[in-house]
>>> print(open('start.txt').read())   # compact mmCIF, C-alpha atoms
# COMPACT_ATOMS: atom_id res chain seq x y z
CA MET A 1 0.00 0.00 0.00
CA THR A 2 1.32 3.48 -0.86
CA HIS A 3 2.14 6.04 1.82
CA ALA A 4 -0.84 8.17 0.71
CA LEU A 5 -3.28 5.33 1.38
CA GLN A 6 -1.64 4.42 4.68
CA ASP A 7 -2.49 7.90 5.94
CA ASP A 8 -6.02 7.78 4.47
CA ALA A 9 -8.14 6.42 7.31
CA LEU A 10 -11.84 5.62 7.21
CA MET A 11 -13.43 7.27 10.25
CA ILE A 12 -16.50 5.53 11.66
CA ALA A 13 -18.00 6.74 14.94
CA GLY A 14 -14.74 8.36 15.97
CA ARG A 15 -12.51 5.37 15.23
CA ALA A 16 -10.00 5.11 12.38
CA TYR A 17 -9.78 2.06 10.10
CA ARG A 18 -7.11 1.34 7.49
CA SER A 19 -9.33 -0.87 5.32
CA ARG A 20 -12.30 0.57 3.47
CA LEU A 21 -13.64 -2.90 2.69
CA LEU A 22 -16.26 -4.26 5.08
CA VAL A 23 -17.31 -7.89 4.72
CA GLY A 24 -20.07 -10.18 5.88
CA THR A 25 -19.77 -13.57 7.51
CA GLY A 26 -22.70 -15.48 6.01
CA LYS A 27 -23.01 -18.03 3.17
CA TYR A 28 -19.54 -19.58 3.50
CA ARG A 29 -19.00 -23.34 3.48
CA ASP A 30 -17.89 -23.35 7.12
CA PHE A 31 -16.26 -21.17 9.76
CA ALA A 32 -12.79 -22.12 8.52
CA GLU A 33 -13.50 -20.75 5.05
CA THR A 34 -15.06 -17.67 6.64
CA ALA A 35 -11.90 -16.97 8.62
CA GLU A 36 -9.61 -17.52 5.63
CA ALA A 37 -11.63 -15.25 3.34
CA LEU A 38 -11.84 -12.48 5.92
CA GLU A 39 -8.10 -12.62 6.46
CA ALA A 40 -7.50 -12.40 2.70
CA SER A 41 -9.83 -9.41 2.39
CA GLY A 42 -7.84 -7.30 4.83
CA ALA A 43 -11.12 -6.11 6.32
CA GLU A 44 -11.19 -4.76 9.86
CA ILE A 45 -14.98 -4.45 10.23
CA VAL A 46 -17.05 -7.61 9.74
CA THR A 47 -20.81 -7.92 9.91
CA VAL A 48 -22.60 -10.62 11.85
CA ALA A 49 -26.31 -11.42 11.52
CA VAL A 50 -27.51 -11.67 15.11
CA ARG A 51 -30.68 -13.55 14.18
CA ARG A 52 -28.90 -16.11 11.97
CA VAL A 53 -25.62 -17.02 13.66
CA ASN A 54 -24.62 -18.08 17.14
CA LEU A 55 -22.75 -15.38 19.05
CA GLY A 56 -23.13 -17.14 22.35
CA GLN A 57 -26.91 -17.37 22.47
CA ASP A 58 -26.61 -21.19 22.30
CA PRO A 59 -23.57 -22.57 24.15
CA SER A 60 -24.25 -26.08 22.81
CA ILE A 61 -23.16 -25.24 19.24
CA PRO A 62 -20.02 -23.58 17.80
CA SER A 63 -19.92 -19.80 17.99
CA LEU A 64 -18.92 -17.60 15.09
CA LEU A 65 -16.79 -15.65 17.54
CA ASP A 66 -14.39 -18.58 17.67
CA ALA A 67 -13.45 -17.78 14.05
CA LEU A 68 -13.57 -14.00 14.56
CA PRO A 69 -11.54 -12.97 17.59
CA PRO A 70 -12.73 -9.52 18.74
CA ASN A 71 -9.12 -8.36 19.14
CA ARG A 72 -8.62 -8.87 15.40
CA TYR A 73 -11.90 -7.48 14.04
CA THR A 74 -14.48 -4.85 14.89
CA LEU A 75 -17.75 -6.75 14.90
CA LEU A 76 -20.74 -5.07 13.27
CA PRO A 77 -23.96 -6.76 14.44
CA ASN A 78 -26.71 -6.37 11.88
CA THR A 79 -30.45 -6.87 11.78
CA ALA A 80 -30.64 -9.11 8.71
CA GLY A 81 -34.02 -10.84 8.65
CA CYS A 82 -35.87 -8.04 10.46
CA TYR A 83 -39.00 -6.59 8.85
CA THR A 84 -40.16 -4.13 11.51
CA ALA A 85 -38.53 -1.42 13.57
CA ASP A 86 -39.42 -3.26 16.79
CA GLU A 87 -37.68 -6.45 15.59
CA ALA A 88 -34.58 -4.53 14.62
CA VAL A 89 -34.36 -2.63 17.90
CA ARG A 90 -34.81 -5.80 19.98
CA THR A 91 -32.16 -7.60 17.92
CA LEU A 92 -29.54 -4.91 18.45
CA ARG A 93 -30.31 -4.64 22.14
CA LEU A 94 -29.59 -8.39 22.33
CA ALA A 95 -26.34 -7.90 20.42
CA ARG A 96 -25.32 -5.19 22.88
CA GLU A 97 -25.80 -7.63 25.76
CA LEU A 98 -24.01 -10.53 24.03
CA LEU A 99 -21.05 -8.38 23.02
CA ASP A 100 -20.41 -6.52 26.27
CA ASP A 101 -22.17 -3.21 25.60
CA HIS A 102 -21.07 -3.06 21.96
CA ARG A 103 -22.54 0.07 20.34
CA LEU A 104 -21.48 0.05 16.67
CA VAL A 105 -24.29 -1.63 14.70
CA LYS A 106 -25.70 -1.97 11.22
CA LEU A 107 -29.42 -1.32 10.90
CA GLU A 108 -31.39 -2.87 8.08
CA VAL A 109 -35.16 -3.21 8.04
CA LEU A 110 -36.40 -5.12 5.02
CA GLY A 111 -39.54 -4.51 3.02
CA ASP A 112 -40.13 -8.00 1.65
CA ALA A 113 -38.48 -11.40 1.54
CA GLU A 114 -38.13 -11.56 -2.25
CA THR A 115 -36.18 -8.40 -3.06
CA LEU A 116 -34.80 -7.59 0.42
CA PHE A 117 -35.38 -3.94 -0.47
CA PRO A 118 -35.37 -1.70 2.62
CA ASN A 119 -38.57 -0.53 4.28
CA MET A 120 -37.63 3.09 4.80
CA ARG A 121 -40.55 4.00 7.06
CA GLU A 122 -39.55 1.29 9.54
CA THR A 123 -35.87 2.14 9.08
CA PHE A 124 -36.49 5.74 10.18
CA LYS A 125 -38.42 4.58 13.25
CA ALA A 126 -35.70 2.13 14.31
CA ALA A 127 -32.90 4.62 13.67
CA GLU A 128 -34.52 7.23 15.91
CA VAL A 129 -34.86 4.78 18.81
CA LEU A 130 -31.34 3.35 18.45
CA VAL A 131 -29.61 6.72 18.20
CA LYS A 132 -31.47 7.94 21.31
CA GLU A 133 -30.28 4.80 23.13
CA GLY A 134 -26.66 5.59 22.34
CA PHE A 135 -25.99 3.20 19.47
CA ASP A 136 -23.64 4.19 16.65
CA VAL A 137 -25.88 3.33 13.71
CA MET A 138 -24.62 2.48 10.24
CA VAL A 139 -27.79 2.23 8.17
CA TYR A 140 -28.71 0.27 5.03
CA CYS A 141 -31.08 2.30 2.88
CA ALA A 142 -32.51 2.91 -0.56
CA ASP A 143 -30.45 5.00 -2.97
CA ASP A 144 -32.69 7.99 -2.24
CA PRO A 145 -30.83 11.26 -1.53
CA ILE A 146 -33.70 12.64 0.57
CA ALA A 147 -33.94 9.51 2.72
CA ALA A 148 -30.16 9.51 3.15
CA ARG A 149 -30.23 13.12 4.30
CA GLU A 150 -32.98 12.38 6.82
CA LEU A 151 -31.06 9.42 8.24
CA GLU A 152 -27.99 11.60 8.67
CA GLY A 153 -30.19 14.18 10.37
CA ILE A 154 -31.44 11.54 12.81
CA GLY A 155 -27.83 10.93 13.81
CA CYS A 156 -26.71 7.82 11.91
CA CYS A 157 -22.91 7.64 11.75
CA ALA A 158 -22.76 6.17 8.21
CA ILE A 159 -25.15 5.94 5.28
CA MET A 160 -25.16 2.68 3.31
CA PRO A 161 -27.25 2.91 0.13
CA LEU A 162 -27.72 -0.19 -2.00
CA ALA A 163 -26.02 -0.37 -5.38
CA SER A 164 -28.57 -2.96 -6.48
CA LEU A 165 -30.58 -5.65 -4.71
CA ILE A 166 -28.89 -7.72 -1.99
CA GLY A 167 -27.22 -10.78 -3.47
CA SER A 168 -27.96 -9.76 -7.08
CA GLY A 169 -24.38 -9.02 -8.15
CA MET A 170 -25.73 -6.43 -10.59
CA GLY A 171 -23.34 -3.67 -9.58
CA ILE A 172 -24.23 0.03 -9.40
CA LEU A 173 -27.50 0.52 -11.28
CA ASN A 174 -28.13 4.17 -10.40
CA PRO A 175 -24.83 6.06 -10.22
CA TRP A 176 -26.57 9.43 -10.40
CA ASN A 177 -28.49 8.99 -7.15
CA LEU A 178 -25.42 7.56 -5.49
CA ARG A 179 -23.39 10.59 -6.54
CA LEU A 180 -26.03 12.93 -5.10
CA ILE A 181 -25.88 11.08 -1.77
CA ILE A 182 -22.09 11.28 -1.70
CA GLU A 183 -22.01 14.99 -2.52
CA GLN A 184 -24.44 16.00 0.22
CA ALA A 185 -23.31 13.68 3.02
CA LYS A 186 -21.19 14.82 5.96
CA VAL A 187 -20.84 11.26 7.27
CA PRO A 188 -19.25 8.30 5.47
CA VAL A 189 -21.18 6.79 2.57
CA LEU A 190 -20.58 3.10 1.90
CA VAL A 191 -22.11 1.05 -0.89
CA ASP A 192 -24.01 -1.85 0.63
CA ALA A 193 -25.53 -4.63 -1.51
CA GLY A 194 -25.30 -5.52 -5.18
CA VAL A 195 -21.53 -5.73 -5.71
CA GLY A 196 -20.73 -8.72 -7.93
CA THR A 197 -17.06 -8.50 -8.78
CA ALA A 198 -13.96 -6.42 -8.23
CA SER A 199 -14.72 -3.83 -10.90
CA ASP A 200 -18.01 -2.95 -9.15
CA ALA A 201 -16.11 -2.20 -5.95
CA ALA A 202 -13.49 -0.15 -7.79
CA ILE A 203 -16.16 1.93 -9.55
CA ALA A 204 -17.90 2.69 -6.25
CA MET A 205 -14.64 3.90 -4.76
CA GLU A 206 -13.71 5.93 -7.86
CA MET A 207 -17.05 7.73 -7.50
CA GLY A 208 -16.08 8.87 -4.03
CA CYS A 209 -17.71 6.31 -1.77
CA ASP A 210 -15.93 6.02 1.55
CA GLY A 211 -16.12 2.24 1.56
CA VAL A 212 -17.89 -0.87 0.32
CA LEU A 213 -19.64 -3.62 2.25
CA MET A 214 -20.14 -7.02 0.65
CA ASN A 215 -20.84 -10.65 1.49
CA THR A 216 -22.32 -12.68 -1.35
CA ALA A 217 -19.81 -11.43 -3.93
CA ILE A 218 -17.04 -13.11 -1.95
CA ALA A 219 -18.82 -16.02 -0.27
CA LYS A 220 -20.51 -17.27 -3.45
CA ALA A 221 -17.56 -16.82 -5.79
CA GLN A 222 -16.15 -20.06 -7.18
CA ARG A 223 -12.99 -19.37 -5.15
CA PRO A 224 -14.02 -17.16 -2.23
CA VAL A 225 -10.56 -16.60 -0.78
CA LEU A 226 -9.15 -15.49 -4.13
CA MET A 227 -12.12 -13.19 -4.66
CA ALA A 228 -11.51 -11.70 -1.23
CA HIS A 229 -7.97 -10.83 -2.37
CA ALA A 230 -9.39 -9.26 -5.53
CA MET A 231 -11.87 -7.14 -3.58
CA LYS A 232 -9.16 -5.88 -1.25
CA TYR A 233 -7.06 -4.61 -4.16
CA ALA A 234 -10.09 -3.25 -6.05
CA VAL A 235 -11.13 -1.08 -3.12
CA GLU A 236 -7.57 0.18 -2.66
CA ALA A 237 -7.18 0.89 -6.38
CA GLY A 238 -10.51 2.68 -6.61
CA ARG A 239 -9.72 4.84 -3.60
CA ALA A 240 -6.29 5.71 -4.98
CA ALA A 241 -7.81 6.68 -8.33
CA PHE A 242 -10.37 8.91 -6.57
CA LEU A 243 -7.68 10.65 -4.57
CA ALA A 244 -5.45 11.02 -7.63
CA GLY A 245 -8.18 12.63 -9.73
CA ARG A 246 -8.82 11.26 -13.19
CA MET A 247 -7.93 13.09 -16.38
CA PRO A 248 -10.72 15.15 -18.01
CA ARG A 249 -12.87 13.33 -20.54
CA ARG A 250 -12.48 14.67 -24.08
CA PHE A 251 -14.76 13.86 -26.97
CA TYR A 252 -12.71 12.82 -30.01
CA SER A 253 -9.63 14.69 -28.82
CA GLY A 254 -6.50 13.91 -30.79
CA THR A 255 -4.12 15.27 -28.16
CA PRO A 256 -0.96 13.13 -28.33
CA SER A 257 0.42 11.61 -25.16
CA SER A 258 3.97 12.71 -26.10
CA PRO A 259 5.00 16.37 -26.65
CA GLY A 260 4.99 17.60 -30.23
CA GLU A 261 7.68 20.25 -29.79
CA GLY A 262 11.39 19.62 -30.33
CA LEU A 263 10.98 16.52 -32.49
CA LEU A 264 14.20 15.01 -33.71
CA THR A 265 14.83 15.46 -37.44
CA PRO A 266 14.96 12.07 -39.21
CA LEU A 267 18.35 11.15 -40.66
CA LYS A 268 18.60 11.32 -44.44
CA ALA A 269 19.31 8.12 -46.30
>>> encode(input="start.txt", output="structure tokens")
Amino acid sequence: MTHALQDDALMIAGRAYRSRLLVGTGKYRDFAETAEALEASGAEIVTVAVRRVNLGQDPSIPSLLDALPPNRYTLLPNTAGCYTADEAVRTLRLARELLDDHRLVKLEVLGDAETLFPNMRETFKAAEVLVKEGFDVMVYCADDPIAARELEGIGCCAIMPLASLIGSGMGILNPWNLRLIIEQAKVPVLVDAGVGTASDAAIAMEMGCDGVLMNTAIAKAQRPVLMAHAMKYAVEAGRAAFLAGRMPRRFYSGTPSSPGEGLLTPLKA
């Protein structure tokens, strides 16, 4: 990693992170593959679905925490599988108890089981309660600039608009809305959902996103660990390109890449 990127920290709820890639822990073959892929990704923040994995709720079965030591990763409990504000709030209160008063959480309240599109009315309700209770809320939302602004106004510490539907791998379908969200936000904006391959992650970062969260794109790749490597480098490359500033686009410009002045005179035969 270049010196410029080493000094380029992602700030979430007052804490600095070197990696701008956040990854999920679901859909892997087993905990061993989960651990190997997360290590390859270089991620420091990993999401855990409180309603779908064992974080100590059931001592009779293996805990995901055995593969994710808290001293290595910042855990991000999420509300995957919740369809109402009340469900989401109860789930994150449970996570706070299981993880010793852990406050950094990811809120997602789904609208239906087929598309997993967010229910924004319930998301607003849950966000208001959680922020008042002292949670640091990173929030999954529609790619709606007005909704994103309202969530920031409520006090969410990061806005996480979808690029396309969860698990679709379709990439960024509405770059214009995403750009509007980025331009107006005063908190980090991270693409959440829809990334399919490394180029999708790089494009998001080149646009100015502060980070990318993904799960299916890595876990369901034919070689998850190798894809995790690819995503790590894609996020770094996209961020570097954003910081560098791309050249202006020119329509049918014939400007040569080498200077035209002072050309050497060809030798005569």
>>> residues_around(input="start.txt", residues="region 119-131 of chain A", least_positions_apart="5", cutoff="12 Å", atoms="all atoms listed in the file", output="number ranges by chain")
A: 79, 82-93, 96, 103-113, 136-144, 146-159, 161
>>> atom_distance(input="start.txt", atom1="CA of Asp66 (chain A)", atom2="CA of Gly167 (chain A)")
25.9 Å
>>> closest_residue(input="start.txt", among="A:Ala201, A:Ala35, A:Leu98, A:Ala193", to="Leu21 (chain A)", atoms="only C-alpha atoms")
A:Ala201
>>> residues_near_point(input="start.txt", point="(-9.9, 6.8, -4.6)", cutoff="6 Å", atoms="only C-alpha atoms", output="short mmCIF file (atom, residue, chain, number, x, y, z; two decimals) with C-alpha atoms, in the coordinates of the input")
data_model
loop_
_atom_site.label_atom_id
_atom_site.label_comp_id
_atom_site.auth_asym_id
_atom_site.auth_seq_id
_atom_site.Cartn_x
_atom_site.Cartn_y
_atom_site.Cartn_z
CA MET A 205 -14.64 3.90 -4.76
CA GLU A 206 -13.71 5.93 -7.86
CA GLY A 238 -10.51 2.68 -6.61
CA ARG A 239 -9.72 4.84 -3.60
CA ALA A 240 -6.29 5.71 -4.98
CA ALA A 241 -7.81 6.68 -8.33
CA PHE A 242 -10.37 8.91 -6.57
CA LEU A 243 -7.68 10.65 -4.57
#
>>> atom_distance(input="start.txt", atom1="CA of Pro175 (chain A)", atom2="CA of Met11 (chain A)")
23.5 Å
>>> closest_residue(input="start.txt", among="A:Ala9, A:Ala163, A:Ala95, A:Val195", to="Ala219 (chain A)", atoms="only C-alpha atoms")
A:Val195
>>> residues_around(input="start.txt", residues="Ala16 (chain A)", least_positions_apart="5", cutoff="12 Å", atoms="all atoms listed in the file", output="NGL selection string")
:A and (6-11 or 44-45 or 74 or 188)
>>> write_last_selection(input="start.txt", atoms="C-alpha atoms", output="PDB file, keeping the file's coordinate frame")
ATOM      1  CA  GLN A   6      -1.640   4.420   4.680  1.00  0.00           C
ATOM      2  CA  ASP A   7      -2.490   7.900   5.940  1.00  0.00           C
ATOM      3  CA  ASP A   8      -6.020   7.780   4.470  1.00  0.00           C
ATOM      4  CA  ALA A   9      -8.140   6.420   7.310  1.00  0.00           C
ATOM      5  CA  LEU A  10     -11.840   5.620   7.210  1.00  0.00           C
ATOM      6  CA  MET A  11     -13.430   7.270  10.250  1.00  0.00           C
ATOM      7  CA  GLU A  44     -11.190  -4.760   9.860  1.00  0.00           C
ATOM      8  CA  ILE A  45     -14.980  -4.450  10.230  1.00  0.00           C
ATOM      9  CA  THR A  74     -14.480  -4.850  14.890  1.00  0.00           C
ATOM     10  CA  PRO A 188     -19.250   8.300   5.470  1.00  0.00           C
TER      11      PRO A 188
END
>>> residues_around(input="start.txt", residues="Asp192 (chain A)", least_positions_apart="2", cutoff="6 Å", atoms="all atoms listed in the file", output="short mmCIF file (atom, residue, chain, number, x, y, z; two decimals) with C-alpha atoms, in the frame of the given file")
data_model
loop_
_atom_site.label_atom_id
_atom_site.label_comp_id
_atom_site.auth_asym_id
_atom_site.auth_seq_id
_atom_site.Cartn_x
_atom_site.Cartn_y
_atom_site.Cartn_z
CA MET A 160 -25.16 2.68 3.31
CA PRO A 161 -27.25 2.91 0.13
CA LEU A 162 -27.72 -0.19 -2.00
CA LEU A 213 -19.64 -3.62 2.25
#
